[in-house]
$ cat run_4.cif   # mmCIF, C-alpha atoms
data_data
loop_
_atom_site.label_atom_id
_atom_site.label_comp_id
_atom_site.auth_asym_id
_atom_site.auth_seq_id
_atom_site.Cartn_x
_atom_site.Cartn_y
_atom_site.Cartn_z
CA MET A 29 167.91 -105.09 47.05
CA THR A 30 167.06 -102.75 44.18
CA SER A 31 163.82 -100.77 44.25
CA THR A 32 162.69 -102.01 40.83
CA TYR A 33 162.26 -105.37 39.12
CA ARG A 34 161.66 -106.57 35.55
CA VAL A 35 158.48 -108.03 34.10
CA ALA A 36 157.60 -109.43 30.69
CA GLN A 37 154.28 -107.76 29.90
CA VAL A 38 151.86 -107.49 27.01
CA PRO A 39 150.66 -103.87 26.57
CA ALA A 40 147.43 -104.64 24.70
CA ALA A 41 145.31 -107.64 23.74
CA GLY A 42 147.09 -109.92 21.28
CA GLY A 43 150.30 -107.90 21.49
CA SER A 44 153.93 -108.95 21.83
CA PHE A 45 155.82 -109.21 25.07
CA GLU A 46 158.03 -106.36 26.19
CA ILE A 47 160.37 -106.00 29.15
CA ALA A 48 159.40 -103.27 31.62
CA GLU A 49 160.54 -102.18 35.06
CA ARG A 50 158.23 -101.73 38.01
CA GLU A 51 158.54 -100.64 41.61
CA VAL A 52 159.01 -103.56 43.99
CA PRO A 53 155.64 -104.09 45.77
CA GLU A 54 155.07 -104.79 49.44
CA PRO A 55 152.94 -107.84 50.27
CA GLY A 56 149.67 -107.12 52.03
CA PRO A 57 148.06 -109.05 54.90
CA GLY A 58 147.99 -112.78 54.15
CA GLN A 59 150.39 -112.38 51.22
CA VAL A 60 154.07 -113.03 50.47
CA ARG A 61 156.45 -111.57 47.92
CA ILE A 62 158.19 -114.23 45.86
CA ALA A 63 161.54 -113.87 44.13
CA VAL A 64 160.71 -115.80 40.96
CA GLU A 65 163.35 -118.24 39.74
CA ALA A 66 161.36 -119.95 36.98
CA CYS A 67 157.92 -119.76 35.39
CA GLY A 68 156.47 -122.16 32.87
CA ILE A 69 154.59 -120.96 29.81
CA CYS A 70 151.20 -122.65 29.59
CA HIS A 71 148.83 -122.63 26.62
CA SER A 72 146.20 -121.19 28.99
CA ASP A 73 148.26 -117.97 29.10
CA VAL A 74 146.67 -117.26 25.70
CA LEU A 75 143.40 -116.53 27.53
CA PHE A 76 145.01 -113.52 29.17
CA VAL A 77 147.34 -112.36 26.40
CA ASP A 78 144.41 -112.31 23.97
CA SER A 79 141.88 -111.04 26.56
CA ALA A 80 139.69 -114.07 25.88
CA VAL A 81 138.23 -114.00 29.41
CA PRO A 82 136.53 -111.08 31.16
CA GLY A 83 138.38 -108.77 33.51
CA VAL A 84 141.91 -108.90 32.03
CA ARG A 85 143.71 -105.61 32.69
CA PHE A 86 146.52 -104.38 30.44
CA PRO A 87 149.43 -104.29 30.49
CA VAL A 88 149.15 -107.91 31.59
CA VAL A 89 151.91 -110.03 33.15
CA PRO A 90 150.89 -113.69 32.65
CA GLY A 91 152.39 -116.79 34.20
CA HIS A 92 150.78 -119.39 36.46
CA GLU A 93 153.56 -121.99 36.70
CA ILE A 94 155.66 -120.08 39.23
CA ALA A 95 158.62 -121.36 41.26
CA GLY A 96 160.79 -119.25 43.53
CA ARG A 97 161.62 -118.29 47.10
CA ILE A 98 159.72 -116.21 49.63
CA GLU A 99 161.46 -112.86 49.88
CA ARG A 100 159.14 -110.96 52.19
CA LEU A 101 156.20 -111.85 54.43
CA GLY A 102 153.02 -109.84 54.71
CA GLU A 103 151.13 -109.55 57.98
CA GLY A 104 149.93 -112.93 59.19
CA ALA A 105 151.93 -115.02 56.71
CA ALA A 106 154.32 -116.23 59.40
CA ASP A 107 151.32 -117.40 61.44
CA ARG A 108 150.48 -119.73 58.56
CA GLY A 109 153.89 -121.39 58.85
CA TRP A 110 155.79 -119.63 56.06
CA GLN A 111 159.28 -118.19 56.39
CA VAL A 112 161.55 -116.00 54.29
CA GLY A 113 163.67 -118.29 52.11
CA ASP A 114 161.04 -121.03 51.75
CA ARG A 115 160.94 -122.51 48.24
CA VAL A 116 157.40 -122.23 46.90
CA ALA A 117 155.35 -122.86 43.77
CA VAL A 118 152.12 -121.15 42.66
CA GLY A 119 149.97 -122.58 39.89
CA TRP A 120 146.59 -122.01 38.23
CA PHE A 121 145.21 -122.09 41.75
CA GLY A 122 146.42 -118.69 42.89
CA GLY A 123 144.13 -118.40 45.89
CA SER A 124 140.43 -118.67 46.73
CA CYS A 125 137.86 -116.39 48.32
CA GLY A 126 137.03 -118.71 51.22
CA HIS A 127 133.38 -117.64 51.41
CA CYS A 128 131.55 -118.78 48.24
CA GLU A 129 129.59 -122.04 48.35
CA PRO A 130 132.32 -124.21 46.71
CA CYS A 131 134.87 -122.86 49.20
CA ARG A 132 132.52 -123.45 52.14
CA ARG A 133 132.24 -127.04 50.93
CA GLY A 134 136.03 -127.35 50.73
CA ASP A 135 136.18 -127.48 46.92
CA PHE A 136 138.54 -124.55 46.54
CA ILE A 137 139.69 -125.21 42.96
CA VAL A 138 136.21 -124.36 41.64
CA CYS A 139 135.94 -121.22 43.78
CA ASP A 140 133.56 -118.71 42.21
CA TYR A 141 136.26 -116.05 42.60
CA LEU A 142 139.36 -118.15 41.88
CA LYS A 143 142.50 -115.98 41.78
CA VAL A 144 144.50 -117.11 38.77
CA PRO A 145 147.96 -115.49 38.49
CA GLY A 146 148.12 -113.33 35.38
CA TRP A 147 144.39 -112.65 35.67
CA ALA A 148 143.62 -111.73 39.29
CA TYR A 149 147.13 -110.36 39.89
CA ASP A 150 150.51 -110.17 38.14
CA GLY A 151 151.81 -113.60 37.21
CA GLY A 152 155.26 -115.12 37.14
CA PHE A 153 156.68 -113.70 33.89
CA ALA A 154 158.64 -111.45 36.19
CA GLU A 155 161.49 -111.32 38.67
CA ARG A 156 159.02 -110.91 41.54
CA THR A 157 155.36 -111.44 42.25
CA VAL A 158 153.04 -111.16 45.24
CA ALA A 159 150.69 -114.05 46.02
CA PRO A 160 148.26 -115.02 48.81
CA VAL A 161 149.50 -117.65 51.26
CA ASP A 162 146.76 -120.15 50.42
CA ALA A 163 148.23 -120.38 46.91
CA LEU A 164 151.64 -121.58 48.12
CA ALA A 165 152.96 -125.12 47.70
CA LYS A 166 156.28 -126.11 49.26
CA ILE A 167 158.87 -127.27 46.71
CA PRO A 168 160.84 -130.38 47.74
CA ASP A 169 164.60 -129.88 48.01
CA ALA A 170 165.23 -132.45 45.28
CA LEU A 171 163.19 -130.56 42.69
CA ALA A 172 164.74 -127.81 40.56
CA ALA A 173 162.73 -124.60 40.13
CA SER A 174 162.53 -125.13 36.35
CA ASP A 175 160.86 -128.52 36.98
CA ALA A 176 158.65 -127.35 39.85
CA GLY A 177 157.05 -124.50 37.86
CA PRO A 178 155.37 -126.69 35.20
CA MET A 179 154.17 -129.09 37.89
CA ALA A 180 152.09 -126.29 39.45
CA CYS A 181 149.70 -126.40 36.48
CA ALA A 182 150.48 -129.04 33.83
CA GLY A 183 151.71 -131.57 36.38
CA VAL A 184 148.98 -131.21 38.96
CA THR A 185 146.26 -131.26 36.31
CA VAL A 186 147.24 -134.66 34.90
CA PHE A 187 148.27 -136.09 38.29
CA ASN A 188 144.97 -135.11 39.89
CA GLY A 189 142.97 -136.16 36.85
CA LEU A 190 144.42 -139.66 37.09
CA ARG A 191 144.26 -140.15 40.86
CA ARG A 192 140.65 -138.97 40.98
CA SER A 193 139.55 -141.10 38.04
CA ALA A 194 137.61 -144.36 38.23
CA ALA A 195 140.78 -146.36 37.48
CA ARG A 196 142.65 -148.42 40.05
CA PRO A 197 146.15 -149.94 39.92
CA GLY A 198 146.24 -152.69 37.31
CA ASP A 199 143.48 -151.14 35.19
CA LEU A 200 144.09 -150.14 31.59
CA VAL A 201 144.38 -146.35 31.31
CA ALA A 202 144.92 -144.42 28.09
CA VAL A 203 146.55 -141.01 27.78
CA LEU A 204 145.48 -139.17 24.65
CA GLY A 205 148.28 -136.91 23.41
CA ILE A 206 151.99 -136.86 24.26
CA GLY A 207 152.57 -133.12 24.49
CA GLY A 208 153.03 -130.66 27.32
CA LEU A 209 150.37 -132.40 29.42
CA GLY A 210 150.45 -135.90 28.01
CA HIS A 211 154.17 -136.57 28.41
CA LEU A 212 153.66 -136.07 32.14
CA GLY A 213 150.39 -138.00 32.12
CA VAL A 214 152.07 -141.12 30.72
CA GLN A 215 154.75 -140.98 33.42
CA TYR A 216 152.22 -140.53 36.23
CA ALA A 217 149.91 -143.27 34.90
CA ALA A 218 152.74 -145.80 34.78
CA ALA A 219 153.99 -144.80 38.25
CA MET A 220 150.46 -145.18 39.69
CA GLY A 221 150.39 -148.80 38.58
CA PHE A 222 148.08 -148.47 35.59
CA GLU A 223 148.57 -150.53 32.43
CA THR A 224 149.31 -147.45 30.38
CA VAL A 225 148.39 -146.77 26.76
CA ALA A 226 149.74 -143.71 25.00
CA ILE A 227 147.73 -142.43 22.01
CA ALA A 228 149.23 -139.96 19.55
CA ARG A 229 149.57 -139.17 15.88
CA GLY A 230 152.32 -140.97 13.95
CA ALA A 231 154.48 -144.06 14.44
CA ASP A 232 157.49 -141.88 15.25
CA LYS A 233 156.17 -141.20 18.78
CA ALA A 234 156.15 -144.86 19.80
CA ASP A 235 159.71 -144.87 21.13
CA LEU A 236 159.09 -141.73 23.21
CA ALA A 237 155.91 -143.26 24.64
CA LYS A 238 157.81 -146.37 25.75
CA GLN A 239 160.61 -144.24 27.24
CA LEU A 240 158.00 -142.38 29.29
CA GLY A 241 156.69 -145.68 30.65
CA ALA A 242 153.80 -146.61 28.35
CA HIS A 243 153.09 -150.33 28.00
CA HIS A 244 151.27 -149.86 24.69
CA TYR A 245 151.25 -147.27 21.91
CA VAL A 246 148.34 -146.49 19.59
CA ASP A 247 149.03 -144.50 16.44
CA SER A 248 145.77 -142.68 15.75
CA THR A 249 146.72 -142.27 12.08
CA ALA A 250 147.46 -145.97 11.43
CA GLY A 251 144.02 -146.81 10.05
CA THR A 252 142.56 -148.79 12.94
CA PRO A 253 140.06 -146.64 14.85
CA VAL A 254 141.36 -145.65 18.28
CA ALA A 255 138.33 -147.10 20.07
CA GLU A 256 138.86 -150.41 18.29
CA ALA A 257 142.54 -150.44 19.25
CA LEU A 258 141.61 -149.83 22.90
CA GLY A 259 138.97 -152.56 22.71
CA ALA A 260 141.57 -155.02 21.44
CA LEU A 261 143.55 -154.33 24.63
CA GLY A 262 140.50 -155.03 26.78
CA GLY A 263 139.07 -151.51 26.92
CA ALA A 264 140.18 -148.54 28.99
CA LYS A 265 138.85 -147.96 32.49
CA ALA A 266 139.83 -144.31 32.02
CA VAL A 267 141.00 -142.09 29.19
CA LEU A 268 142.92 -138.96 30.16
CA ALA A 269 142.29 -136.67 27.19
CA THR A 270 145.13 -134.12 27.08
CA ALA A 271 144.94 -133.36 23.36
CA GLY A 272 143.12 -130.14 22.47
CA SER A 273 141.06 -131.82 19.74
CA SER A 274 137.37 -132.59 20.17
CA GLU A 275 137.51 -135.03 17.25
CA ALA A 276 140.37 -136.99 18.81
CA ILE A 277 138.68 -136.99 22.23
CA THR A 278 135.40 -138.21 20.76
CA ALA A 279 137.18 -141.09 19.01
CA THR A 280 138.14 -142.66 22.36
CA VAL A 281 134.67 -142.98 23.92
CA ASP A 282 133.73 -146.36 22.42
CA GLY A 283 137.05 -147.71 23.68
CA LEU A 284 136.00 -147.31 27.32
CA THR A 285 134.95 -150.28 29.44
CA PRO A 286 131.51 -150.38 31.05
CA ARG A 287 131.51 -147.67 33.75
CA GLY A 288 134.65 -146.31 32.12
CA GLU A 289 135.46 -142.63 32.44
CA LEU A 290 136.62 -140.00 29.97
CA VAL A 291 138.57 -137.33 31.85
CA VAL A 292 138.86 -134.21 29.71
CA ILE A 293 141.68 -131.73 30.38
CA GLY A 294 142.62 -130.73 26.82
CA ALA A 295 141.01 -127.33 26.26
CA THR A 296 139.20 -126.58 23.01
CA PRO A 297 136.01 -124.62 22.25
CA GLU A 298 134.75 -127.15 19.68
CA PRO A 299 131.91 -129.43 20.85
CA MET A 300 132.51 -133.16 21.22
CA GLY A 301 130.46 -135.50 19.06
CA ILE A 302 129.25 -137.88 21.77
CA SER A 303 125.71 -139.26 21.72
CA PRO A 304 123.67 -140.11 24.83
CA VAL A 305 123.40 -143.70 23.57
CA GLN A 306 127.19 -144.10 23.75
CA LEU A 307 127.04 -143.22 27.44
CA LEU A 308 123.76 -144.78 28.55
CA MET A 309 124.10 -148.40 27.50
CA LYS A 310 127.37 -149.01 29.37
CA GLY A 311 127.11 -146.35 32.08
CA LYS A 312 130.09 -144.36 30.82
CA VAL A 313 131.08 -141.03 32.35
CA VAL A 314 132.48 -137.86 30.79
CA ARG A 315 134.11 -135.48 33.25
CA GLY A 316 135.89 -132.18 32.91
CA HIS A 317 138.78 -131.86 35.32
CA PRO A 318 140.19 -128.56 36.60
CA SER A 319 143.73 -128.13 37.93
CA GLY A 320 144.28 -128.57 41.68
CA THR A 321 144.76 -126.68 44.93
CA SER A 322 148.10 -125.73 46.43
CA GLN A 323 148.02 -128.96 48.48
CA ASP A 324 147.41 -130.93 45.28
CA VAL A 325 150.43 -129.18 43.74
CA GLN A 326 152.51 -130.18 46.74
CA ASP A 327 151.28 -133.79 46.44
CA THR A 328 152.22 -133.76 42.76
CA MET A 329 155.75 -132.55 43.43
CA ASP A 330 156.28 -135.03 46.29
CA PHE A 331 155.05 -137.92 44.11
CA SER A 332 157.29 -136.77 41.27
CA VAL A 333 160.36 -136.78 43.48
CA LEU A 334 159.47 -140.23 44.84
CA HIS A 335 159.15 -141.71 41.35
CA GLY A 336 161.78 -139.69 39.48
CA ILE A 337 159.22 -137.95 37.27
CA ARG A 338 160.23 -134.68 35.64
CA PRO A 339 158.79 -132.50 32.85
CA MET A 340 160.73 -132.21 29.62
CA THR A 341 161.55 -128.50 29.40
CA GLU A 342 163.28 -125.84 27.35
CA THR A 343 164.55 -122.98 29.53
CA VAL A 344 164.77 -119.43 28.17
CA PRO A 345 165.75 -116.19 29.97
CA LEU A 346 162.98 -113.75 30.87
CA GLU A 347 164.05 -111.20 28.26
CA ARG A 348 163.23 -113.72 25.52
CA ALA A 349 159.66 -114.22 26.75
CA ASP A 350 158.07 -113.31 23.43
CA GLU A 351 160.24 -115.79 21.52
CA ALA A 352 159.45 -118.54 24.04
CA TYR A 353 155.72 -117.75 23.98
CA ARG A 354 155.63 -117.94 20.17
CA ARG A 355 157.47 -121.26 20.27
CA MET A 356 154.84 -122.63 22.66
CA LEU A 357 152.05 -121.38 20.37
CA SER A 358 153.61 -123.01 17.32
CA GLY A 359 153.63 -126.43 18.98
CA ALA A 360 157.40 -126.71 18.53
CA ALA A 361 158.19 -126.76 22.26
CA ARG A 362 159.47 -130.08 23.65
CA PHE A 363 157.46 -129.99 25.85
CA ARG A 364 157.23 -127.09 28.34
CA MET A 365 158.83 -123.68 27.77
CA VAL A 366 160.15 -122.24 31.04
CA LEU A 367 161.31 -118.67 31.67
CA THR A 368 164.19 -118.23 34.10
CA THR A 369 165.44 -115.12 35.89
CA GLY A 370 168.94 -116.32 36.88
#
$ encode --input "run_4.cif" --output "structure tokens"
Amino acid sequence: MTSTYRVAQVPAAGGSFEIAEREVPEPGPGQVRIAVEACGICHSDVLFVDSAVPGVRFPVVPGHEIAGRIERLGEGAADRGWQVGDRVAVGWFGGSCGHCEPCRRGDFIVCDYLKVPGWAYDGGFAERTVAPVDALAKIPDALAASDAGPMACAGVTVFNGLRRSAARPGDLVAVLGIGGLGHLGVQYAAAMGFETVAIARGADKADLAKQLGAHHYVDSTAGTPVAEALGALGGAKAVLATAGSSEAITATVDGLTPRGELVVIGATPEPMGISPVQLLMKGKVVRGHPSGTSQDVQDTMDFSVLHGIRPMTETVPLERADEAYRRMLSGAARFRMVLTTG
């Protein structure tokens, strides 16, 4: 093995990606070194590239949709059941502290000191990365690395958001947006036994929605208000809001059934225009949903293999990271950009 490896790094906030070489690191106690095979590009990487959150250190190597193989074990990693050669994924959940109150209550994904790859340590836009063992999810043999990577963030977020919602098999569930998150959300909703509604802009997305498994399609630009369209179908027990638009999210609330739940995973800083009256009279719930732990990632991948669910991806070699990142930013990606090192 060579003594150096390549990374795609951003030298300063808001800058462009450049390829650099670094010395191969040794994993510390409770860590493993991963030979990265693929890493998805997530819109949340913008937070680190643009230094929009505190504590980002430059040059920064983003990437929290990592798939690869364990190359070296740190002290104690073998005691946790991991071996060199194991196929593993690391997502937004890149490890927890284990001692804060959320961790002591077993709610690791909202750890006060959550270790997100690309923020707490170098992410997966690289040929290698070092991660703590509690961040590792085992990749099923049937899942390619380029599919496993996006499931460690995009996949687990929508999968977990749906399975932890108020909806039960047979209920009407709407997925707002058919993009990087939503195209997976529609597939998971249908596979979980929900009567699935896909909501997006334009009649041209109807065929895609049906191909993904949706039973109904609502064109939000067709003139009929989205809430009214959902009401005509009997009302949604849950809406999984993947679109990063507060206006579009707000438009679904009156389409919820009594005790219905709006699960928000589309990130946007703009406030939603929801009044207390809309929630109080019918006991509706609005809930923000974070990603998922390494076990949740593993559940997501296992479920995906069982039901033949895969992300729609465009793969690009690591040296074209800047091009791929810009394509993600432009909204042109169909639907997840994935960097590969092979």
$ resolve_selection --input "run_4.cif" --expression "the PyMOL selection byres ((chain A and resi 282-294) around 7)" --output "VMD selection string"
chain A and resid 189 194 255 to 256 258 to 259 263 to 272 280 to 281 295 to 296 310 to 317
$ write_last_selection --input "run_4.cif" --atoms "C-alpha atoms" --output "PDB file, in the frame of the given file"
ATOM      1  CA  GLY A 189     142.970-136.160  36.850  1.00  0.00           C
ATOM      2  CA  ALA A 194     137.610-144.360  38.230  1.00  0.00           C
ATOM      3  CA  ALA A 255     138.330-147.100  20.070  1.00  0.00           C
ATOM      4  CA  GLU A 256     138.860-150.410  18.290  1.00  0.00           C
ATOM      5  CA  LEU A 258     141.610-149.830  22.900  1.00  0.00           C
ATOM      6  CA  GLY A 259     138.970-152.560  22.710  1.00  0.00           C
ATOM      7  CA  GLY A 263     139.070-151.510  26.920  1.00  0.00           C
ATOM      8  CA  ALA A 264     140.180-148.540  28.990  1.00  0.00           C
ATOM      9  CA  LYS A 265     138.850-147.960  32.490  1.00  0.00           C
ATOM     10  CA  ALA A 266     139.830-144.310  32.020  1.00  0.00           C
ATOM     11  CA  VAL A 267     141.000-142.090  29.190  1.00  0.00           C
ATOM     12  CA  LEU A 268     142.920-138.960  30.160  1.00  0.00           C
ATOM     13  CA  ALA A 269     142.290-136.670  27.190  1.00  0.00           C
ATOM     14  CA  THR A 270     145.130-134.120  27.080  1.00  0.00           C
ATOM     15  CA  ALA A 271     144.940-133.360  23.360  1.00  0.00           C
ATOM     16  CA  GLY A 272     143.120-130.140  22.470  1.00  0.00           C
ATOM     17  CA  THR A 280     138.140-142.660  22.360  1.00  0.00           C
ATOM     18  CA  VAL A 281     134.670-142.980  23.920  1.00  0.00           C
ATOM     19  CA  ALA A 295     141.010-127.330  26.260  1.00  0.00           C
ATOM     20  CA  THR A 296     139.200-126.580  23.010  1.00  0.00           C
ATOM     21  CA  LYS A 310     127.370-149.010  29.370  1.00  0.00           C
ATOM     22  CA  GLY A 311     127.110-146.350  32.080  1.00  0.00           C
ATOM     23  CA  LYS A 312     130.090-144.360  30.820  1.00  0.00           C
ATOM     24  CA  VAL A 313     131.080-141.030  32.350  1.00  0.00           C
ATOM     25  CA  VAL A 314     132.480-137.860  30.790  1.00  0.00           C
ATOM     26  CA  ARG A 315     134.110-135.480  33.250  1.00  0.00           C
ATOM     27  CA  GLY A 316     135.890-132.180  32.910  1.00  0.00           C
ATOM     28  CA  HIS A 317     138.780-131.860  35.320  1.00  0.00           C
TER      29      HIS A 317
END
$ atom_distance --input "run_4.cif" --atom1 "atom CA of A:Gly68" --atom2 "atom CA of A:Val116"
14.1 Å
$ residues_around --input "run_4.cif" --residues "A:Gly91" --least-positions-apart "6" --cutoff "7 Å" --atoms "only C-alpha atoms" --output "PyMOL selection string"
chain A and resi 67-69+73+145-146+151-153
$ resolve_selection --input "run_4.cif" --expression "the PyMOL selection byres ((chain A and resi 346) around 8)" --output "PyMOL selection string"
chain A and resi 35-36+153-154+344-345+347-349+367-369
$ closest_residue --input "run_4.cif" --among "A:Ser124, A:Thr157, A:Gln59, A:Ser79" --to "A:Ala95" --atoms "only C-alpha atoms"
A:Thr157
$ atom_distance --input "run_4.cif" --atom1 "atom CA of A:Val144" --atom2 "atom CA of A:Ala159"
10.0 Å
$ resolve_selection --input "run_4.cif" --expression "the PyMOL selection byres ((chain A and resi 183) around 8)" --output "PyMOL selection string"
chain A and resi 178-182+184-187+209+212-213+325+328+339
$ closest_residue --input "run_4.cif" --among "A:Ile137, A:Ala105, A:Ala165, A:Ala276" --to "A:Glu93" --atoms "only C-alpha atoms"
A:Ala165
$ closest_residue --input "run_4.cif" --among "A:Gly96, A:Gly102, A:Ser322, A:Ser273" --to "A:Ala163" --atoms "all atoms listed in the file"
A:Ser322
$ atom_distance --input "run_4.cif" --atom1 "atom CA of A:Asp78" --atom2 "atom CA of A:Pro299"
21.4 Å
$ closest_residue --input "run_4.cif" --among "A:Cys139, A:Asp350, A:Cys70, A:His127" --to "A:Gly42" --atoms "only C-alpha atoms"
A:Asp350
$ residues_around --input "run_4.cif" --residues "A:Ala172" --least-positions-apart "3" --cutoff "10 Å" --atoms "all atoms listed in the file" --output "list in words"
Glu65, Ala66, Ala95, Gly96, Ile167, Pro168, Asp169, Asp175, Ala176, Gly177 and Arg338 of chain A
$ write_last_selection --input "run_4.cif" --atoms "C-alpha atoms" --output "compact mmCIF listing (two decimals), keeping the file's coordinate frame"
# COMPACT_ATOMS: atom_id res chain seq x y z
CA GLU A 65 163.35 -118.24 39.74
CA ALA A 66 161.36 -119.95 36.98
CA ALA A 95 158.62 -121.36 41.26
CA GLY A 96 160.79 -119.25 43.53
CA ILE A 167 158.87 -127.27 46.71
CA PRO A 168 160.84 -130.38 47.74
CA ASP A 169 164.60 -129.88 48.01
CA ASP A 175 160.86 -128.52 36.98
CA ALA A 176 158.65 -127.35 39.85
CA GLY A 177 157.05 -124.50 37.86
CA ARG A 338 160.23 -134.68 35.64
$ closest_residue --input "run_4.cif" --among "A:Pro130, A:Gly230, A:Gly83, A:Gly104" --to "A:Val60" --atoms "only C-alpha atoms"
A:Gly104
$ residues_around --input "run_4.cif" --residues "A:Ala106" --least-positions-apart "4" --cutoff "12 Å" --atoms "all atoms listed in the file" --output "ChimeraX atom specification"
/A:57-60,98,100-102,110-112,114,161
$ closest_residue --input "run_4.cif" --among "A:Gly109, A:Pro297, A:Pro304, A:Gly119" --to "A:Asp324" --atoms "all atoms listed in the file"
A:Gly119
$ axis_aligned_box --input "run_4.cif" --around "stretch 82-97 of chain A" --padding-each-side "4 Å" --output "AutoDock Vina command-line options"
--center_x 149.1 --center_y -113.1 --center_z 38.8 --size_x 33.1 --size_y 25.7 --size_z 24.7
$ residues_around --input "run_4.cif" --residues "A:Arg156" --least-positions-apart "3" --cutoff "7 Å" --atoms "all atoms listed in the file" --output "PDB file with C-alpha atoms, in the coordinates of the input"
ATOM      1  CA  TYR A  33     162.260-105.370  39.120  1.00  0.00           C
ATOM      2  CA  ARG A  61     156.450-111.570  47.920  1.00  0.00           C
ATOM      3  CA  ILE A  62     158.190-114.230  45.860  1.00  0.00           C
ATOM      4  CA  ALA A  63     161.540-113.870  44.130  1.00  0.00           C
ATOM      5  CA  VAL A  64     160.710-115.800  40.960  1.00  0.00           C
TER       6      VAL A  64
END
$ build_atoms --input "run_4.cif" --residues "stretch 69-86 of chain A" --atoms "N, CA and C atoms" --output "compact mmCIF listing (two decimals), in the frame of the given file"
# COMPACT_ATOMS: atom_id res chain seq x y z
N ILE A 69 155.53 -121.59 30.73
CA ILE A 69 154.59 -120.96 29.81
C ILE A 69 153.54 -122.01 29.45
N CYS A 70 152.30 -121.72 29.80
CA CYS A 70 151.20 -122.65 29.59
C CYS A 70 150.32 -122.13 28.44
N HIS A 71 149.70 -123.06 27.71
CA HIS A 71 148.83 -122.63 26.62
C HIS A 71 147.66 -121.80 27.14
N SER A 72 147.29 -121.98 28.40
CA SER A 72 146.20 -121.19 28.99
C SER A 72 146.57 -119.71 29.12
N ASP A 73 147.86 -119.38 29.05
CA ASP A 73 148.26 -117.97 29.10
C ASP A 73 147.66 -117.19 27.92
N VAL A 74 147.30 -117.91 26.85
CA VAL A 74 146.67 -117.26 25.70
C VAL A 74 145.38 -116.56 26.12
N LEU A 75 144.67 -117.13 27.08
CA LEU A 75 143.40 -116.53 27.53
C LEU A 75 143.59 -115.10 28.01
N PHE A 76 144.75 -114.84 28.60
CA PHE A 76 145.01 -113.52 29.17
C PHE A 76 145.71 -112.61 28.18
N VAL A 77 146.65 -113.16 27.42
CA VAL A 77 147.34 -112.36 26.40
C VAL A 77 146.35 -111.85 25.36
N ASP A 78 145.38 -112.68 24.99
CA ASP A 78 144.41 -112.31 23.97
C ASP A 78 143.12 -111.75 24.56
N SER A 79 143.07 -111.56 25.88
CA SER A 79 141.88 -111.04 26.56
C SER A 79 140.63 -111.85 26.20
N ALA A 80 140.79 -113.18 26.25
CA ALA A 80 139.69 -114.07 25.88
C ALA A 80 138.78 -114.39 27.06
N VAL A 81 139.08 -113.85 28.23
CA VAL A 81 138.23 -114.00 29.41
C VAL A 81 137.96 -112.60 29.96
N PRO A 82 136.86 -112.42 30.67
CA PRO A 82 136.53 -111.08 31.16
C PRO A 82 137.46 -110.64 32.29
N GLY A 83 137.67 -109.33 32.37
CA GLY A 83 138.38 -108.77 33.51
C GLY A 83 139.89 -108.68 33.38
N VAL A 84 140.46 -109.01 32.22
CA VAL A 84 141.91 -108.90 32.03
C VAL A 84 142.27 -107.42 31.94
N ARG A 85 143.28 -107.01 32.69
CA ARG A 85 143.71 -105.61 32.69
C ARG A 85 145.11 -105.50 32.07
N PHE A 86 145.25 -104.57 31.14
CA PHE A 86 146.52 -104.38 30.44
C PHE A 86 147.23 -103.13 30.97
